[in-house]
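What follows is the content of model.txt, which has compact mmCIF, C-alpha atoms and all ligand atoms:
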```
# COMPACT_ATOMS: atom_id res chain seq x y z
CA ILE A 1 0.00 0.00 0.00
CA HIS A 2 1.30 3.38 -0.92
CA VAL A 3 0.86 5.59 2.11
CA ASN A 4 0.48 9.33 1.99
CA LYS A 5 3.74 11.23 2.45
CA THR A 6 2.51 12.72 5.70
CA PRO A 7 2.97 10.27 8.56
CA LEU A 8 -0.29 8.77 9.69
CA THR A 9 0.73 9.04 13.32
CA SER A 10 0.22 12.79 13.21
CA CYS A 11 -3.52 12.27 13.22
CA ARG A 12 -5.73 10.50 15.66
CA THR A 13 -7.09 7.24 14.40
CA ASN A 14 -9.99 6.85 16.84
CA GLY A 15 -9.68 3.12 16.95
CA HIS A 16 -9.88 2.64 13.21
CA SER A 17 -7.08 0.47 11.98
CA LEU A 18 -5.79 0.59 8.47
CA ASP A 19 -5.03 -3.12 8.63
CA ASP A 20 -8.62 -4.02 9.47
CA ASP A 21 -9.94 -2.07 6.59
CA ALA A 22 -7.32 -3.19 4.15
CA LEU A 23 -8.94 -6.59 4.60
CA ALA A 24 -12.47 -5.28 4.18
CA PRO A 25 -13.99 -5.98 0.80
CA ARG A 26 -14.45 -3.02 -1.47
CA GLN A 27 -18.00 -1.80 -1.28
CA ASN A 28 -20.43 -1.14 -4.11
CA ALA A 29 -19.91 2.55 -3.65
CA THR A 30 -19.20 5.72 -5.53
CA ILE A 31 -18.17 9.26 -4.84
CA LEU A 32 -20.49 11.91 -6.31
CA MET A 33 -19.58 15.44 -7.19
CA LEU A 34 -22.16 17.75 -8.70
CA ALA A 35 -20.38 20.68 -10.28
CA ARG A 36 -20.22 23.24 -13.06
CA ASN A 37 -17.42 23.57 -15.59
CA ASP A 38 -16.41 26.80 -13.89
CA ASP A 39 -15.78 24.90 -10.68
CA LEU A 40 -12.69 23.19 -12.13
CA GLU A 41 -10.14 24.77 -9.85
CA GLU A 42 -12.13 24.09 -6.67
CA ALA A 43 -12.96 20.60 -7.89
CA VAL A 44 -9.27 19.88 -8.37
CA ASP A 45 -8.51 21.15 -4.86
CA ALA A 46 -11.23 19.05 -3.31
CA LEU A 47 -10.23 15.91 -5.20
CA SER A 48 -6.53 16.37 -4.48
CA SER A 49 -7.17 16.31 -0.77
CA PHE A 50 -9.71 13.51 -1.10
CA GLU A 51 -7.22 11.38 -3.04
CA SER A 52 -4.20 12.08 -0.86
CA GLN A 53 -6.07 11.51 2.39
CA PHE A 54 -8.23 8.59 1.33
CA ASN A 55 -8.88 7.42 -2.16
CA HIS A 56 -5.32 6.60 -3.23
CA ARG A 57 -5.69 3.50 -1.06
CA TYR A 58 -9.21 2.55 -2.21
CA HIS A 59 -9.66 3.83 -5.77
CA TYR A 60 -13.39 4.33 -5.53
CA PRO A 61 -14.95 5.70 -8.72
CA VAL A 62 -16.04 9.32 -8.90
CA VAL A 63 -19.22 10.28 -10.75
CA PHE A 64 -19.40 13.88 -11.94
CA LEU A 65 -22.83 15.30 -12.71
CA ASN A 66 -23.62 18.62 -14.34
CA ASP A 67 -26.74 20.23 -15.75
CA GLU A 68 -24.66 21.25 -18.78
CA GLN A 69 -22.24 19.41 -21.07
CA TRP A 70 -18.84 18.87 -19.51
CA THR A 71 -15.95 20.62 -21.16
CA ASP A 72 -12.85 18.65 -22.14
CA GLU A 73 -10.88 20.93 -19.89
CA PHE A 74 -12.92 19.93 -16.84
CA MET A 75 -12.86 16.24 -17.67
CA GLN A 76 -9.13 16.19 -18.28
CA GLY A 77 -8.42 18.34 -15.25
CA VAL A 78 -10.13 16.11 -12.75
CA SER A 79 -9.31 12.80 -14.42
CA SER A 80 -5.63 13.41 -13.90
CA ILE A 81 -6.21 13.44 -10.14
CA VAL A 82 -8.71 10.69 -9.46
CA SER A 83 -7.13 7.28 -8.87
CA GLY A 84 -10.37 5.40 -9.51
CA GLN A 85 -12.62 5.41 -12.54
CA THR A 86 -14.11 8.78 -13.51
CA ILE A 87 -17.63 8.91 -14.91
CA PHE A 88 -18.96 12.11 -16.47
CA ASP A 89 -22.64 12.50 -17.02
CA THR A 90 -25.24 15.19 -17.40
CA ILE A 91 -28.62 15.85 -15.90
CA SER A 92 -31.26 16.18 -18.58
CA PRO A 93 -33.24 19.44 -18.61
CA GLU A 94 -36.48 17.74 -17.46
CA LEU A 95 -34.65 16.71 -14.32
CA TRP A 96 -33.15 20.10 -13.65
CA GLY A 97 -36.25 22.19 -13.61
CA TYR A 98 -39.73 22.75 -12.36
CA PRO A 99 -42.10 19.88 -11.80
CA ASP A 100 -45.35 20.20 -13.74
CA HIS A 101 -47.46 21.09 -10.74
CA VAL A 102 -45.41 24.18 -9.92
CA ASP A 103 -46.64 27.42 -11.45
CA GLN A 104 -43.45 28.71 -13.01
CA ASP A 105 -44.47 32.35 -13.14
CA ALA A 106 -45.42 32.30 -9.49
CA ALA A 107 -42.23 30.44 -8.64
CA ARG A 108 -40.04 32.95 -10.49
CA ALA A 109 -41.78 35.80 -8.73
CA HIS A 110 -41.17 34.13 -5.36
CA ILE A 111 -37.54 33.50 -6.25
CA LYS A 112 -37.02 37.11 -7.23
CA GLU A 113 -38.63 38.27 -4.03
CA GLN A 114 -36.45 35.94 -1.95
CA GLY A 115 -33.41 37.34 -3.70
CA ASP A 116 -34.52 40.91 -3.08
CA ARG A 117 -34.82 40.10 0.62
CA GLY A 118 -31.20 39.00 0.57
CA ILE A 119 -31.83 35.36 1.49
CA VAL A 120 -28.65 33.46 0.79
CA HIS A 121 -28.68 31.78 -2.69
CA ALA A 122 -32.47 32.15 -2.80
CA GLY A 123 -32.56 34.55 -5.75
CA GLN A 124 -30.86 31.97 -7.99
CA GLU A 125 -33.28 29.72 -9.82
CA SER A 126 -30.59 27.08 -10.39
CA TYR A 127 -29.93 26.78 -6.68
CA HIS A 128 -33.57 25.80 -6.13
CA HIS A 129 -33.27 23.17 -8.85
CA MET A 130 -30.09 21.89 -7.21
CA CYS A 131 -31.78 21.53 -3.81
CA ARG A 132 -34.66 19.64 -5.38
CA PHE A 133 -32.30 17.46 -7.42
CA TYR A 134 -30.43 16.46 -4.25
CA SER A 135 -33.63 15.82 -2.33
CA MET A 136 -35.84 13.71 -4.47
CA SER A 137 -36.51 11.70 -7.56
CA ASP A 138 -39.14 12.19 -10.24
CA ILE A 139 -39.77 8.49 -10.26
CA PRO A 140 -42.99 8.20 -8.27
CA SER A 141 -43.33 6.03 -5.22
CA GLN A 142 -45.28 2.76 -5.67
CA ALA A 143 -44.40 2.72 -9.37
CA HIS A 144 -40.79 2.21 -8.44
CA ASP A 145 -39.82 -1.34 -7.81
CA GLY A 146 -36.11 -1.93 -7.65
CA PRO A 147 -33.72 -0.76 -10.33
CA THR A 148 -35.39 0.85 -13.29
CA ASN A 149 -34.24 1.64 -16.76
CA ASN A 150 -36.31 4.79 -16.80
CA ALA A 151 -33.90 7.48 -17.84
CA SER A 152 -35.46 10.02 -15.53
CA GLY A 153 -34.37 10.31 -11.96
CA LYS A 154 -32.72 12.54 -9.46
CA PHE A 155 -29.32 11.71 -8.11
CA TYR A 156 -30.04 8.32 -6.56
CA ASP A 157 -31.99 7.14 -9.62
CA HIS A 158 -29.69 8.75 -12.15
CA PRO A 159 -28.33 6.16 -14.61
CA ALA A 160 -24.76 6.89 -13.52
CA ILE A 161 -25.58 6.26 -9.86
CA GLN A 162 -28.37 3.72 -10.07
CA SER A 163 -26.19 0.63 -9.76
CA TYR A 164 -24.46 1.72 -6.55
CA LYS A 165 -25.61 0.98 -3.05
CA TRP A 166 -23.43 3.55 -1.28
CA TYR A 167 -22.45 7.07 -2.08
CA TRP A 168 -20.26 9.75 -0.62
CA ARG A 169 -21.08 13.31 -1.61
CA ILE A 170 -18.31 15.83 -1.99
CA GLU A 171 -18.25 19.29 -3.49
CA PRO A 172 -15.80 21.59 -5.22
CA GLY A 173 -13.83 23.59 -2.67
CA ILE A 174 -14.07 21.23 0.29
CA SER A 175 -11.00 19.72 1.91
CA PHE A 176 -10.01 16.70 3.94
CA ASP A 177 -7.24 17.65 6.29
CA CYS A 178 -6.24 14.34 7.84
CA PRO A 179 -5.59 10.88 6.48
CA ILE A 180 -8.72 8.76 6.53
CA ASN A 181 -7.15 5.41 7.21
CA PHE A 182 -10.27 3.32 7.15
CA ASP A 183 -13.03 2.72 4.65
CA PRO A 184 -16.21 4.48 5.84
CA PHE A 185 -18.32 2.43 3.43
CA ALA A 186 -16.99 -0.82 4.89
CA TYR A 187 -17.55 0.48 8.39
CA MET A 188 -21.14 1.49 7.64
CA SER A 189 -21.90 -1.75 5.92
CA ARG A 190 -20.52 -3.80 8.81
CA GLU A 191 -22.24 -1.71 11.48
CA LYS A 192 -25.54 -1.46 9.59
CA LYS A 193 -25.41 2.31 9.33
CA ARG A 194 -27.40 4.03 6.62
CA TYR A 195 -26.63 7.72 6.97
CA ALA A 196 -23.46 9.47 8.13
CA TYR A 197 -22.62 13.09 8.80
CA VAL A 198 -19.67 15.06 10.13
CA ILE A 199 -21.05 18.57 10.71
CA ALA A 200 -24.37 19.67 12.19
CA LEU A 201 -25.42 23.29 11.89
CA GLN A 202 -28.39 25.59 12.18
CA GLU A 203 -30.36 26.27 9.02
CA VAL A 204 -30.94 29.79 7.74
CA GLY A 205 -34.45 30.26 9.09
CA SER A 206 -35.73 32.49 6.29
CA THR A 207 -35.26 29.67 3.77
CA VAL A 208 -37.56 27.21 5.52
CA ARG A 209 -40.46 29.20 6.91
CA SER A 210 -43.06 26.47 6.57
CA LEU A 211 -40.90 23.36 6.39
CA TYR A 212 -40.98 22.29 10.02
CA ARG A 213 -44.72 22.64 10.30
CA VAL A 214 -45.26 20.70 7.09
CA VAL A 215 -42.96 17.86 8.14
CA SER A 216 -44.41 17.76 11.60
CA ASP A 217 -47.95 17.48 10.21
CA TYR A 218 -46.76 14.70 7.92
CA LYS A 219 -45.31 12.84 10.87
CA ASP A 220 -48.56 13.13 12.80
CA ARG A 221 -50.72 12.17 9.84
CA LEU A 222 -48.71 9.02 9.17
CA ASN A 223 -48.38 8.24 12.86
CA ILE A 224 -44.63 8.13 12.64
CA ILE A 225 -43.22 7.56 16.11
CA PRO A 226 -40.39 10.05 16.41
CA SER A 227 -36.99 8.88 17.49
CA ARG A 228 -34.66 10.69 19.83
CA TYR A 229 -33.08 12.41 16.84
CA TRP A 230 -36.38 14.06 16.09
CA ASP A 231 -36.67 15.12 19.71
CA ALA A 232 -33.22 16.70 19.44
CA LEU A 233 -34.57 19.07 16.80
CA VAL A 234 -37.29 20.40 19.03
CA ASP A 235 -36.14 22.70 21.73
CA PRO A 236 -37.91 25.83 22.86
CA SER A 237 -34.82 27.09 24.64
CA TRP A 238 -32.36 27.14 21.78
CA ALA A 239 -32.27 30.93 21.63
CA PRO A 240 -33.68 33.57 23.96
CA PHE A 241 -37.06 34.80 22.90
CA PRO A 242 -35.99 38.38 22.00
CA ILE A 243 -33.40 37.01 19.59
CA ARG A 244 -35.88 34.71 17.95
CA TRP A 245 -38.33 37.55 17.70
CA LEU A 246 -35.74 39.86 16.17
CA LEU A 247 -34.75 37.21 13.65
CA ARG A 248 -38.42 36.54 12.96
CA LEU A 249 -37.94 32.95 13.88
CA ALA A 250 -41.28 32.45 15.55
CA PRO A 251 -43.00 30.63 12.64
CA TYR A 252 -40.87 27.48 12.91
CA ARG A 253 -43.46 25.78 15.04
CA ASP A 254 -45.61 22.72 14.81
CA ILE A 255 -49.21 22.39 15.88
CA ASN A 256 -48.15 21.74 19.47
CA GLY A 257 -46.25 24.98 19.60
CA ASP A 258 -42.90 23.19 19.63
CA GLU A 259 -40.12 24.97 17.82
CA TRP A 260 -37.49 23.55 15.54
CA ASN A 261 -34.07 24.67 16.71
CA LEU A 262 -32.97 24.67 13.03
CA CYS A 263 -30.33 21.99 13.62
CA HIS A 264 -29.69 19.71 10.67
CA PHE A 265 -27.01 17.52 9.13
CA TRP A 266 -24.87 19.61 6.81
CA ASN A 267 -25.08 17.29 3.86
CA ASN A 268 -22.44 18.77 1.58
CA PHE A 269 -20.60 15.89 3.26
CA GLU A 270 -22.82 12.87 3.33
CA ILE A 271 -22.26 9.14 3.16
CA ALA A 272 -25.43 7.21 2.67
CA ASP A 273 -27.03 3.96 1.77
CA LEU A 274 -28.77 4.99 -1.45
CA ASP A 275 -31.39 2.32 -0.91
CA PHE A 276 -32.72 4.45 1.92
CA PHE A 277 -33.63 7.14 -0.62
CA ARG A 278 -35.05 4.57 -2.99
CA GLU A 279 -37.41 3.13 -0.42
CA GLU A 280 -41.10 3.89 -0.39
CA GLY A 281 -40.95 5.82 2.88
CA TYR A 282 -38.44 8.36 1.63
CA ARG A 283 -40.04 8.69 -1.81
CA HIS A 284 -43.46 9.19 -0.35
CA MET A 285 -42.30 11.87 2.04
CA MET A 286 -40.43 13.71 -0.72
CA GLU A 287 -43.39 13.63 -3.08
CA HIS A 288 -45.49 15.17 -0.37
CA LEU A 289 -42.98 17.97 0.23
CA ASP A 290 -42.56 18.54 -3.49
CA GLU A 291 -46.29 18.89 -4.05
CA LEU A 292 -46.30 21.83 -1.68
CA GLY A 293 -43.80 23.63 -3.89
CA GLY A 294 -41.52 24.75 -1.06
CA PHE A 295 -38.39 24.03 -3.08
CA TYR A 296 -39.40 27.10 -5.10
CA TYR A 297 -41.90 29.21 -3.16
CA GLU A 298 -39.41 29.07 -0.31
CA ARG A 299 -35.84 27.85 -0.58
CA TRP A 300 -36.01 24.55 1.21
CA GLY A 301 -32.48 23.21 1.31
CA ASP A 302 -31.72 19.58 0.60
CA ALA A 303 -29.80 19.47 3.89
CA SER A 304 -32.81 20.27 6.06
CA VAL A 305 -35.11 18.13 3.99
CA ARG A 306 -32.72 15.20 4.22
CA SER A 307 -32.25 15.68 7.94
CA PHE A 308 -35.96 15.53 8.59
CA ALA A 309 -36.25 12.40 6.47
CA ALA A 310 -33.34 10.71 8.24
CA THR A 311 -34.50 11.61 11.73
CA LEU A 312 -38.05 10.48 11.02
CA LEU A 313 -37.53 7.44 8.85
CA LEU A 314 -34.31 5.89 10.13
CA LYS A 315 -33.62 4.26 13.44
CA PRO A 316 -31.29 6.40 15.53
CA GLU A 317 -28.68 3.65 15.50
CA GLU A 318 -28.65 3.76 11.68
CA ILE A 319 -27.37 7.33 11.78
CA HIS A 320 -23.65 7.67 12.25
CA TYR A 321 -21.39 10.51 13.23
CA PHE A 322 -17.92 10.52 11.60
CA GLY A 323 -16.98 14.04 12.70
CA ASP A 324 -14.25 12.89 15.08
CA ASP A 325 -12.75 10.47 12.57
CA ILE A 326 -12.84 12.50 9.41
CA CYS A 327 -11.31 15.96 9.30
CA TYR A 328 -13.44 17.78 6.77
CA CYS A 329 -13.77 21.48 6.00
CA HIS A 330 -16.24 23.36 3.86
CA GLY A 331 -15.73 27.11 3.83
CA ASP A 332 -15.08 28.27 7.35
CA PHE A 333 -16.70 25.24 8.89
CA CYS A 334 -14.79 22.16 9.88
CA SER A 335 -15.82 18.93 11.50
CA PRO A 336 -15.34 18.87 15.26
CA GLY A 337 -12.49 16.35 15.03
CA THR A 338 -10.54 18.91 13.09
CA ASN A 339 -11.26 21.56 15.67
CA LEU A 340 -10.27 19.38 18.57
CA LEU A 341 -6.83 18.59 17.24
CA ASP A 342 -4.12 20.38 19.08
CA THR A 343 -1.53 22.19 17.05
CA GLN A 344 1.38 20.04 18.27
CA THR A 345 0.05 16.71 17.15
CA SER A 346 -2.56 17.86 14.73
CA CYS A 347 -3.32 16.47 11.36
CA PRO A 348 -1.37 17.85 8.41
CA LEU A 349 -3.41 20.89 7.64
CA GLU A 350 -3.26 21.91 4.05
CA LYS A 351 -3.88 25.52 4.92
CA PRO A 352 -2.11 27.36 7.73
CA LEU A 353 -4.08 27.50 10.94
CA GLU A 354 -4.36 31.26 11.02
CA GLU A 355 -6.29 31.24 7.75
CA LYS A 356 -9.17 29.46 9.36
CA ASP A 357 -11.21 30.03 12.42
CA TRP A 358 -10.86 26.46 13.60
CA LYS A 359 -12.25 26.81 17.07
CA GLY A 360 -16.01 27.04 17.23
CA SER A 361 -16.42 26.78 13.51
CA TYR A 362 -19.00 24.08 13.93
CA ASN A 363 -22.22 24.48 15.84
CA GLN A 364 -21.71 23.14 19.33
CA MET A 365 -25.39 23.21 20.22
CA CYS A 366 -26.46 21.08 17.26
CA HIS A 367 -23.61 18.66 17.80
CA GLU A 368 -24.42 18.16 21.42
CA LYS A 369 -28.08 17.61 20.75
CA PHE A 370 -27.40 15.01 18.07
CA ARG A 371 -24.71 13.30 20.13
CA LYS A 372 -27.11 12.99 23.05
CA ALA A 373 -29.83 11.69 20.77
CA HIS A 374 -27.55 8.96 19.64
CA VAL A 375 -26.74 7.53 23.08
CA LEU A 376 -29.06 4.57 23.34
P1 LIG B 401 -23.55 26.03 -0.78
O1 LIG B 401 -22.52 25.09 -0.25
O2 LIG B 401 -24.89 25.84 -0.14
O3 LIG B 401 -23.09 27.44 -0.78
O4 LIG B 401 -23.85 25.64 -2.29
P2 LIG B 401 -22.86 25.26 -3.48
O5 LIG B 401 -22.72 26.39 -4.41
O6 LIG B 401 -21.61 24.63 -2.93
O7 LIG B 401 -23.73 24.14 -4.22
C1 LIG B 401 -23.91 22.84 -3.70
C2 LIG B 401 -23.49 21.81 -4.74
O8 LIG B 401 -24.29 21.92 -5.91
C3 LIG B 401 -22.06 21.93 -5.23
O9 LIG B 401 -21.58 20.64 -5.50
C4 LIG B 401 -22.20 22.77 -6.48
O10 LIG B 401 -21.14 22.51 -7.38
C5 LIG B 401 -23.52 22.26 -7.02
N1 LIG B 401 -24.30 23.26 -7.78
C6 LIG B 401 -24.96 24.35 -7.28
N2 LIG B 401 -25.61 25.02 -8.25
C7 LIG B 401 -25.36 24.34 -9.41
C8 LIG B 401 -25.74 24.54 -10.79
O11 LIG B 401 -26.45 25.46 -11.14
N3 LIG B 401 -25.27 23.61 -11.68
C9 LIG B 401 -24.47 22.56 -11.31
N4 LIG B 401 -24.06 21.71 -12.26
N5 LIG B 401 -24.10 22.36 -10.05
C10 LIG B 401 -24.53 23.23 -9.10
MN MN B 402 -20.96 24.13 -0.97
```
Could I get this structure in the form of structure tokens?
Amino acid sequence: IHVNKTPLTSCRTNGHSLDDDALAPRQNATILMLARNDDLEEAVDALSSFESQFNHRYHYPVVFLNDEQWTDEFMQGVSSIVSGQTIFDTISPELWGYPDHVDQDAARAHIKEQGDRGIVHAGQESYHHMCRFYSMSDIPSQAHDGPTNNASGKFYDHPAIQSYKWYWRIEPGISFDCPINFDPFAYMSREKKRYAYVIALQEVGSTVRSLYRVVSDYKDRLNIIPSRYWDALVDPSWAPFPIRWLLRLAPYRDINGDEWNLCHFWNNFEIADLDFFREEGYRHMMEHLDELGGFYYERWGDASVRSFAATLLLKPEEIHYFGDDICYCHGDFCSPGTNLLDTQTSCPLEKPLEEKDWKGSYNQMCHEKFRKAHVL
């Protein structure tokens, strides 16, 4: 095995042994990066760290999806870095756009208005399509029975992804700052995990004004017994009332008056069993959300939507936290494991410490709530 030039001993291993996982069979898994041709530089950065910290030992394939044709420059640029197979595919226009039931004129007016109010990303039509693409499929529930050759489908039904059981989402611009000396797919498969996260944060409230109420009603209507993860989302004391009032956060309530504390799994990093998304429960819930049009009339993010689905539909023990094992950064936010590392023995940071606000760059409140929810 060719080991990264940085010594592995400079990072904590948290009980994961490279030897164990070298013996683990390779999983039916892929990496997925959704990107634009313009993202080449950031894609190269992200993949360089992903390869040097992990994939040079495993050679998992990387699927690249785009709503436009890939340029040769992009394909050549990233192919030279990935040690596994690279697969380039596009998302057909029917799959990157409004569903039939959404009134496009109304939606565009809402999107413009959200942009005028300065809601992050919400004035960009394509961002709404992206959030919907990462949330749900256009293949209806019931009608779907195992693999399909229907060419339509959001990411988990997309022809390039359809044959995989596991996926790991990464994005242009992210970084892995420590060697990952175990195979997370093998771990999840062995431990019967279905969804893994590294960072939990609070959602931007103005993007999800009706989401919590809608999901909560759905839960009640279907008599879904909430798990402790769901309970972790509901906390009337997460911010003092005057602050909530100032931020106009009062509407995030359910019929019982409980408030969502806006915590969710930050799914720009996400490792999941794709069969979870392909199951009837997930499809049904997504179709319901989609019918309400909140991907457009508001700016429901795929991260919050996914978090509600995982906390409602999975058993708590199927949700796994890798944030102490995998040092991952997106923008100014890093997984807690990265933050906890002391500078003497820390992992080989690719960027100097002073360039990042390492301490407190994840949301302590959300992490603690989810960690507590997980203790069985
Ligand atoms: P943020 O992290 O919420 O600020 O959102 P990003 O801009 O990182 O977008 C999330 C993911 O979707 C990234 O992988 C982007 O490359 C991808 N993405 C966002 N908008 C588009 C788009 O219009 N086209 C394509 N092809 N990818 C997009
Ligand atoms: Mn991003």
For the interface of chain A with ligand MN 402 (chain B) (cut-off 9 Å, counting all atoms listed in the file), please tabulate each contacting residue of chain A alongside its nearest pair of atoms and their separation in Å to one decimal, rows sorted by chain and increasing number, as CSV.
```
residue,atom,partner,partner_atom,distance
A:Ile170,CA,B:MN402,MN,8.8
A:Glu171,CA,B:MN402,MN,6.1
A:Pro172,CA,B:MN402,MN,7.2
A:Gly173,CA,B:MN402,MN,7.3
A:Ile174,CA,B:MN402,MN,7.6
A:Asn268,CA,B:MN402,MN,6.1
A:His330,CA,B:MN402,MN,6.8
A:Gly331,CA,B:MN402,MN,7.7
```
Exercise for the section: Considering all atoms listed in the file, state which residue in the set A:Leu65, A:Ala107, A:Cys366, A:Ala29 is at the smallest distance from Leu201 (chain A). Expected result: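 Among A:Leu65, A:Ala107, A:Cys366, A:Ala29, it is A:Cys366 that comes nearest to Leu201 (chain A).
CA of Gln124 (chain A) to CA of Gln104 (chain A) spans 13.9 Å [interatomic distance, one decimal].
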Exercise for the section: Fewer than 3 positions away in the same chain doesn't count, so skip those; otherwise give me all residues within 8 Å of Pro316 (chain A), counting only C-alpha atoms, as a list in words. Expected result: Ser227, Arg228, Tyr229, Thr311, Ile319, Ala373 and His374 of chain A
Handout entry: Computed interatomic separation between CA of Val208 (chain A) and CA of Ser175 (chain A) (Å)
Key = 27.8 Å
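Comparing A:Met286, A:Ala106, A:Leu233, A:Cys329 by their smallest distance to ligand LIG 401 (chain B), the closest is A:Cys329 (using only C-alpha atoms and all ligand atoms).
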Please tabulate, as JSON lines, the residues of chain A that come within 6 Å of ligand LIG 401 (chain B), each with its closest pair of atoms and the distance in Å to one decimal, counting all atoms listed in the file and ordering rows by chain, then residue number upward.
```
{"residue": "A:Met33", "atom": "CA", "partner": "B:LIG401", "partner_atom": "O9", "distance": 5.8}
{"residue": "A:Leu34", "atom": "CA", "partner": "B:LIG401", "partner_atom": "O9", "distance": 4.4}
{"residue": "A:Ala35", "atom": "CA", "partner": "B:LIG401", "partner_atom": "O10", "distance": 3.5}
{"residue": "A:Arg36", "atom": "CA", "partner": "B:LIG401", "partner_atom": "N4", "distance": 4.2}
{"residue": "A:Asn66", "atom": "CA", "partner": "B:LIG401", "partner_atom": "N4", "distance": 3.8}
{"residue": "A:Asp67", "atom": "CA", "partner": "B:LIG401", "partner_atom": "N4", "distance": 4.6}
{"residue": "A:Ser126", "atom": "CA", "partner": "B:LIG401", "partner_atom": "O11", "distance": 4.5}
{"residue": "A:Tyr127", "atom": "CA", "partner": "B:LIG401", "partner_atom": "N2", "distance": 4.9}
{"residue": "A:Met130", "atom": "CA", "partner": "B:LIG401", "partner_atom": "N2", "distance": 5.6}
{"residue": "A:Glu171", "atom": "CA", "partner": "B:LIG401", "partner_atom": "O9", "distance": 4.1}
{"residue": "A:Pro172", "atom": "CA", "partner": "B:LIG401", "partner_atom": "O10", "distance": 5.8}
```
Output the selection as a short mmCIF file (atom, residue, chain, number, x, y, z; two decimals), in the frame of the given file - C-alpha atoms for each residue.
```cif
data_model
loop_
_atom_site.label_atom_id
_atom_site.label_comp_id
_atom_site.auth_asym_id
_atom_site.auth_seq_id
_atom_site.Cartn_x
_atom_site.Cartn_y
_atom_site.Cartn_z
CA MET A 33 -19.58 15.44 -7.19
CA LEU A 34 -22.16 17.75 -8.70
CA ALA A 35 -20.38 20.68 -10.28
CA ARG A 36 -20.22 23.24 -13.06
CA ASN A 66 -23.62 18.62 -14.34
CA ASP A 67 -26.74 20.23 -15.75
CA SER A 126 -30.59 27.08 -10.39
CA TYR A 127 -29.93 26.78 -6.68
CA MET A 130 -30.09 21.89 -7.21
CA GLU A 171 -18.25 19.29 -3.49
CA PRO A 172 -15.80 21.59 -5.22
#
```
Exercise for the section: Quick one: everything within 12 Å of Ser92 (chain A), counting only C-alpha atoms, minus sequence neighbours fewer than 6 positions away in the same chain. Send it as a ChimeraX atom specification. Expected result: /A:65-69,133,151-155,158-159
Handout entry: Which residue of A:Tyr297, A:Tyr58, A:Tyr197, A:Tyr282 approaches Pro25 (chain A) most closely, using only C-alpha atoms
Key =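 Nearest candidate to Pro25 (chain A) out of A:Tyr297, A:Tyr58, A:Tyr197, A:Tyr282: A:Tyr58.
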Just want the 12 Å neighbourhood of Gly115 (chain A), counted on all atoms listed in the file, with same-chain residues fewer than 5 positions away dropped. Output as a PDB file with C-alpha atoms, keeping the file's coordinate frame.
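The new file result.pdb reads:
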```
ATOM      1  CA  ARG A 108     -40.040  32.950 -10.490  1.00  0.00           C
ATOM      2  CA  ALA A 109     -41.780  35.800  -8.730  1.00  0.00           C
ATOM      3  CA  HIS A 110     -41.170  34.130  -5.360  1.00  0.00           C
ATOM      4  CA  VAL A 120     -28.650  33.460   0.790  1.00  0.00           C
ATOM      5  CA  HIS A 121     -28.680  31.780  -2.690  1.00  0.00           C
ATOM      6  CA  ALA A 122     -32.470  32.150  -2.800  1.00  0.00           C
ATOM      7  CA  GLY A 123     -32.560  34.550  -5.750  1.00  0.00           C
ATOM      8  CA  GLN A 124     -30.860  31.970  -7.990  1.00  0.00           C
ATOM      9  CA  GLU A 125     -33.280  29.720  -9.820  1.00  0.00           C
ATOM     10  CA  TYR A 127     -29.930  26.780  -6.680  1.00  0.00           C
ATOM     11  CA  HIS A 128     -33.570  25.800  -6.130  1.00  0.00           C
ATOM     12  CA  SER A 206     -35.730  32.490   6.290  1.00  0.00           C
ATOM     13  CA  THR A 207     -35.260  29.670   3.770  1.00  0.00           C
ATOM     14  CA  TYR A 296     -39.400  27.100  -5.100  1.00  0.00           C
ATOM     15  CA  TYR A 297     -41.900  29.210  -3.160  1.00  0.00           C
ATOM     16  CA  GLU A 298     -39.410  29.070  -0.310  1.00  0.00           C
ATOM     17  CA  ARG A 299     -35.840  27.850  -0.580  1.00  0.00           C
TER      18      ARG A 299
END
```
Centre and edge lengths, as AutoDock Vina command-line options, for the axis-aligned box enclosing every listed atom of region 188-201 of chain A with 8 Å of padding on each of the six sides, in Å to one decimal?
```
--center_x -23.5 --center_y 9.7 --center_z 9.1 --size_x 23.7 --size_y 43.1 --size_z 22.3
```
Exercise for the section: Could you give me, as a VMD selection string, the residues that have an atom at most 12 Å away from the point (-36.5, 10.0, 0.3) in the coordinates of the file, using only C-alpha atoms? Expected result: chain A and resid 132 to 141 154 to 157 272 to 290 302 305 to 314
Exercise for the section: Give as a count of residues only every residue, naming chains and numbers as the document does, that has an atom within 7 Å of (-15.6, 9.1, -10.7), counting all atoms listed in the file. Expected result: 9
Completion exercise
re CA of Pro93 (chain A) and CA of Gly293 (chain A): distance 18.6 Å
Practice task
Would you please work out which residue, of A:Ile271, A:Leu32, A:Cys131, A:Ile91, is nearest to Ser189 (chain A) when using only C-alpha atoms?
Solution key: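 Distance minimum relative to Ser189 (chain A) lands on A:Ile271.
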Practice task
Return the single residue from A:Ser237, A:Gln27, A:Ser79, A:Asn37 that is closest to Asp183 (chain A), with distances computed using only C-alpha atoms.
Solution key: A:Gln27
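Minimum distance to Phe241 (chain A) across A:Glu259, A:Glu191, A:Glu317, A:Ala303 (counting only C-alpha atoms) occurs at A:Glu259.
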